[in-house]
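Enquirer: Take a look at the following structure, please.
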Amino acid sequence: MRHFLIAACLSVVASSSDAASAQNVEFIPSLIVGASEHAPVEAMLAASPVFVLTDQEARIFVGDVNGTKIRVYGPDGGFLYVIATNGAGPGEIKRVSTGYVSGAELWLADESNARLSIFDVKSGRYIDSHKLSGVRLLKRVLQVPNGFLFLSKRLNPDTGNYFMLHEFDLVLGAVTDSFGSFDDLWSINDVFRDEAGGIVPGNVCLTPSGELLYAPSLYSGVIFGFERHETNWKATRELNGHLQVDDPYSINDGNLEIRSESRGLFCLDDGRVLHFSMQWDKQKQLIAELFSSEGQWLESASVGGIVFPQREFWDFNVNVSAIDTHGRFFITDASESGYPRLRAGKLRWALLNAR
């Protein structure tokens, strides 16, 4: 019962009663992914996307809450093909919760089969797989020189504490470093902290210099930075953003209500950082924050053009999932009929587009 309660509460959003910016930013959509009336059934988004990836040719890879197939679309949103089928054999997947595009390869993290499966981005052909060991509740994956970085809730048996960030060595087939402890990153009540972090752990990105930035799902106005020193990752700095609510969460009669949650984090090519969060008081809003390459907060703005679901669940939230090579953001929100939709478009924001 508590899991359902927390999951339902994790989807609430924001108010602009004390807006930090004099202007708003507008989302200008250019296409809806998987919405063609004449496309085959496989092309349609049957459930809310849990991750969206793009490659250098602006192909779009979408994994939904079912986790048993990956739909691939062209830059125009037209359906191309489906990657993989449900199963445990070579080239089959059971529960893919995240992935990563590396050059001409698509890497998919499959928890149920405990492996990273690799596919060709152009054809969907299966290439190879690597065994995953001791990694659960995967939510994000990033490639680094020594292997991969995972965002997931994981208990360190040596300390008895949960850690959110982990480096995984493909050669060793194991986690080599766990860092970013709950004690350091979360301010939430202990009763709810571990469970909330496991459901929606937050967002990560890598800066051009190789620094890892992490925004916890319970966004209290702080983004944490980590750098690799010799064999381990160490906390290096904090980026202090702007909250438009007085309290990011409250606990009333044993019920957790989150009013500020990270919904997208992007390390831009020029070193600047763009963060999206849902903050709410009297009305729902998606808030965009822009930071300089030095980590200084520049401006916040409410994103217009978003349709919020009348009823939100853990698998159907407003999220900003990716940016492609055309500078288009991929945003999941509600259609006019109340069902999930994935749209691509640009942000009309003078500060963001200024160089």
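By convention here, the chains of the structure tokens are called A, B, ... in the order presented, each chain's residues are numbered starting at 1, and ligands are numbered starting at 1 in the order presented.
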What's the 10 Å shell around stretch 170-176 of chain A, counting only C-alpha atoms, without same-chain residues fewer than 6 positions away, as a PDB file with N, CA and C atoms, in the first residue's frame?
Expert:
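result-v7.pdb was written with the following content:
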```
ATOM      1  N   ARG A 115      21.512  -8.435 -18.063  1.00  0.00           N
ATOM      2  CA  ARG A 115      22.549  -8.231 -19.068  1.00  0.00           C
ATOM      3  C   ARG A 115      22.356  -6.906 -19.808  1.00  0.00           C
ATOM      4  N   LEU A 116      23.429  -6.453 -20.409  1.00  0.00           N
ATOM      5  CA  LEU A 116      23.412  -5.338 -21.345  1.00  0.00           C
ATOM      6  C   LEU A 116      23.420  -5.929 -22.750  1.00  0.00           C
ATOM      7  N   HIS A 130      26.490  -8.298 -22.595  1.00  0.00           N
ATOM      8  CA  HIS A 130      27.397  -8.379 -21.452  1.00  0.00           C
ATOM      9  C   HIS A 130      26.563  -8.658 -20.209  1.00  0.00           C
ATOM     10  N   LYS A 131      27.078  -9.517 -19.359  1.00  0.00           N
ATOM     11  CA  LYS A 131      26.359  -9.895 -18.145  1.00  0.00           C
ATOM     12  C   LYS A 131      26.385  -8.767 -17.124  1.00  0.00           C
ATOM     13  N   LEU A 132      25.228  -8.503 -16.520  1.00  0.00           N
ATOM     14  CA  LEU A 132      25.131  -7.579 -15.404  1.00  0.00           C
ATOM     15  C   LEU A 132      25.058  -8.395 -14.119  1.00  0.00           C
ATOM     16  N   SER A 133      25.817  -7.970 -13.118  1.00  0.00           N
ATOM     17  CA  SER A 133      25.830  -8.702 -11.860  1.00  0.00           C
ATOM     18  C   SER A 133      25.614  -7.738 -10.698  1.00  0.00           C
ATOM     19  N   GLY A 134      24.615  -8.018  -9.873  1.00  0.00           N
ATOM     20  CA  GLY A 134      24.396  -7.241  -8.664  1.00  0.00           C
ATOM     21  C   GLY A 134      23.835  -5.860  -8.884  1.00  0.00           C
ATOM     22  N   VAL A 135      23.183  -5.617 -10.011  1.00  0.00           N
ATOM     23  CA  VAL A 135      22.603  -4.306 -10.292  1.00  0.00           C
ATOM     24  C   VAL A 135      21.098  -4.460 -10.425  1.00  0.00           C
ATOM     25  N   ASN A 146      35.957   4.112 -18.337  1.00  0.00           N
ATOM     26  CA  ASN A 146      36.238   2.839 -17.673  1.00  0.00           C
ATOM     27  C   ASN A 146      35.079   1.857 -17.688  1.00  0.00           C
ATOM     28  N   GLY A 147      33.966   2.240 -18.298  1.00  0.00           N
ATOM     29  CA  GLY A 147      32.812   1.346 -18.315  1.00  0.00           C
ATOM     30  C   GLY A 147      31.522   2.130 -18.387  1.00  0.00           C
ATOM     31  N   PHE A 148      30.626   1.859 -17.458  1.00  0.00           N
ATOM     32  CA  PHE A 148      29.325   2.515 -17.440  1.00  0.00           C
ATOM     33  C   PHE A 148      29.030   3.047 -16.037  1.00  0.00           C
ATOM     34  N   LEU A 149      28.241   4.119 -16.006  1.00  0.00           N
ATOM     35  CA  LEU A 149      27.712   4.635 -14.754  1.00  0.00           C
ATOM     36  C   LEU A 149      26.227   4.324 -14.699  1.00  0.00           C
ATOM     37  N   PHE A 150      25.777   3.752 -13.595  1.00  0.00           N
ATOM     38  CA  PHE A 150      24.374   3.419 -13.408  1.00  0.00           C
ATOM     39  C   PHE A 150      23.770   4.297 -12.323  1.00  0.00           C
ATOM     40  N   THR A 231      40.759   5.926  -8.691  1.00  0.00           N
ATOM     41  CA  THR A 231      39.871   4.771  -8.851  1.00  0.00           C
ATOM     42  C   THR A 231      38.461   5.018  -8.343  1.00  0.00           C
ATOM     43  N   ASN A 232      38.187   6.207  -7.797  1.00  0.00           N
ATOM     44  CA  ASN A 232      36.876   6.445  -7.198  1.00  0.00           C
ATOM     45  C   ASN A 232      36.301   7.793  -7.627  1.00  0.00           C
TER      46      ASN A 232
END
```
Enquirer: Do a neighbour search on A:Ala235 at 9 Å with only C-alpha atoms, toss out local chain neighbours closer than 6 positions, and write the hits as a PyMOL selection string.
Expert: chain A and resi 179-180+224-228
Enquirer: Name the residues of stretch 15-263 of chain A that come out as strand (DSSP E or B) in a backbone DSSP run; write them as number ranges by chain.
Expert: A: 25-33, 49-54, 60-64, 70-73, 79-83, 85-86, 92-93, 96-102, 105-110, 115-120, 126-131, 138-144, 147-156, 161-169, 174-181, 202-206, 212-216, 218, 222-229, 232-240, 249-252, 255-258, 260-263
Enquirer: Neighbouring residues of stretch 216-219 of chain A were defined as those with any atom within 6 Å, considering only C-alpha atoms; residues of the same chain fewer than 4 positions away were excluded. Please report them as a count of residues only.
Expert: 6
Enquirer: Where in stretch 145-312 of chain A does DSSP assign alpha helix (DSSP H), given as a ChimeraX atom specification?
Expert: /A:182-185,190-199
Enquirer: For the residues in the current selection, export C-alpha atoms as an mmCIF file, in the first residue's frame.
Expert:
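Written out: out.cif:
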```
data_model
loop_
_atom_site.group_PDB
_atom_site.id
_atom_site.type_symbol
_atom_site.label_atom_id
_atom_site.label_comp_id
_atom_site.auth_asym_id
_atom_site.auth_seq_id
_atom_site.Cartn_x
_atom_site.Cartn_y
_atom_site.Cartn_z
ATOM 1 C CA PHE A 182 21.217 8.734 0.533
ATOM 2 C CA ASP A 183 22.573 10.408 3.653
ATOM 3 C CA ASP A 184 24.352 13.020 1.542
ATOM 4 C CA LEU A 185 21.780 13.531 -1.216
ATOM 5 C CA ASP A 190 13.810 8.167 6.852
ATOM 6 C CA VAL A 191 10.436 6.411 6.749
ATOM 7 C CA PHE A 192 9.983 7.291 3.069
ATOM 8 C CA ARG A 193 13.507 8.019 1.848
ATOM 9 C CA ASP A 194 14.663 4.572 0.716
ATOM 10 C CA GLU A 195 11.402 3.651 -0.991
ATOM 11 C CA ALA A 196 10.990 6.998 -2.755
ATOM 12 C CA GLY A 197 14.536 6.832 -4.094
ATOM 13 C CA GLY A 198 13.972 3.353 -5.462
ATOM 14 C CA ILE A 199 10.847 4.320 -7.369
#
```
Enquirer: Just the residues within 12 Å of stretch 339-341 of chain A, please, counting only C-alpha atoms, with nothing from its chain fewer than 4 positions along; format it as an MDAnalysis selection string.
Expert: chainID A and resid 29 31:35 44:50 62 64:65 306:313 315:319 330:335
Enquirer: What is the atom CA of A:Phe61-atom CA of A:Leu142 distance in Å, reported with one decimal?
Expert: 15.7 Å
Enquirer: Closest to A:Asp324 among A:Asp247, A:Asp55, A:Asp158, A:Asp253, using only C-alpha atoms?
Expert: A:Asp55
Enquirer: Find the distance between atom CA of A:Leu268 and atom CA of A:Val303 and write it in Å to one decimal.
Expert: 18.4 Å
Enquirer: At a cut-off of 7 Å, using only C-alpha atoms, what residues contact stretch 85-89 of chain A? Leave out same-chain residues fewer than 5 positions from it and give the result as a PyMOL selection string.
Expert: chain A and resi 68-69+94+113
Enquirer: Grab the atom CA of A:Glu238 to atom CA of A:Leu212 distance for me, in Å with one decimal place.
Expert: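 These atoms are spaced 11.3 Å apart.
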Enquirer: Between A:Leu351, A:Leu342, A:Ile28, A:Val204, single out the one closest to A:His166, counting only C-alpha atoms.
Expert: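 Among the listed residues, A:Val204 lies closest to A:His166.
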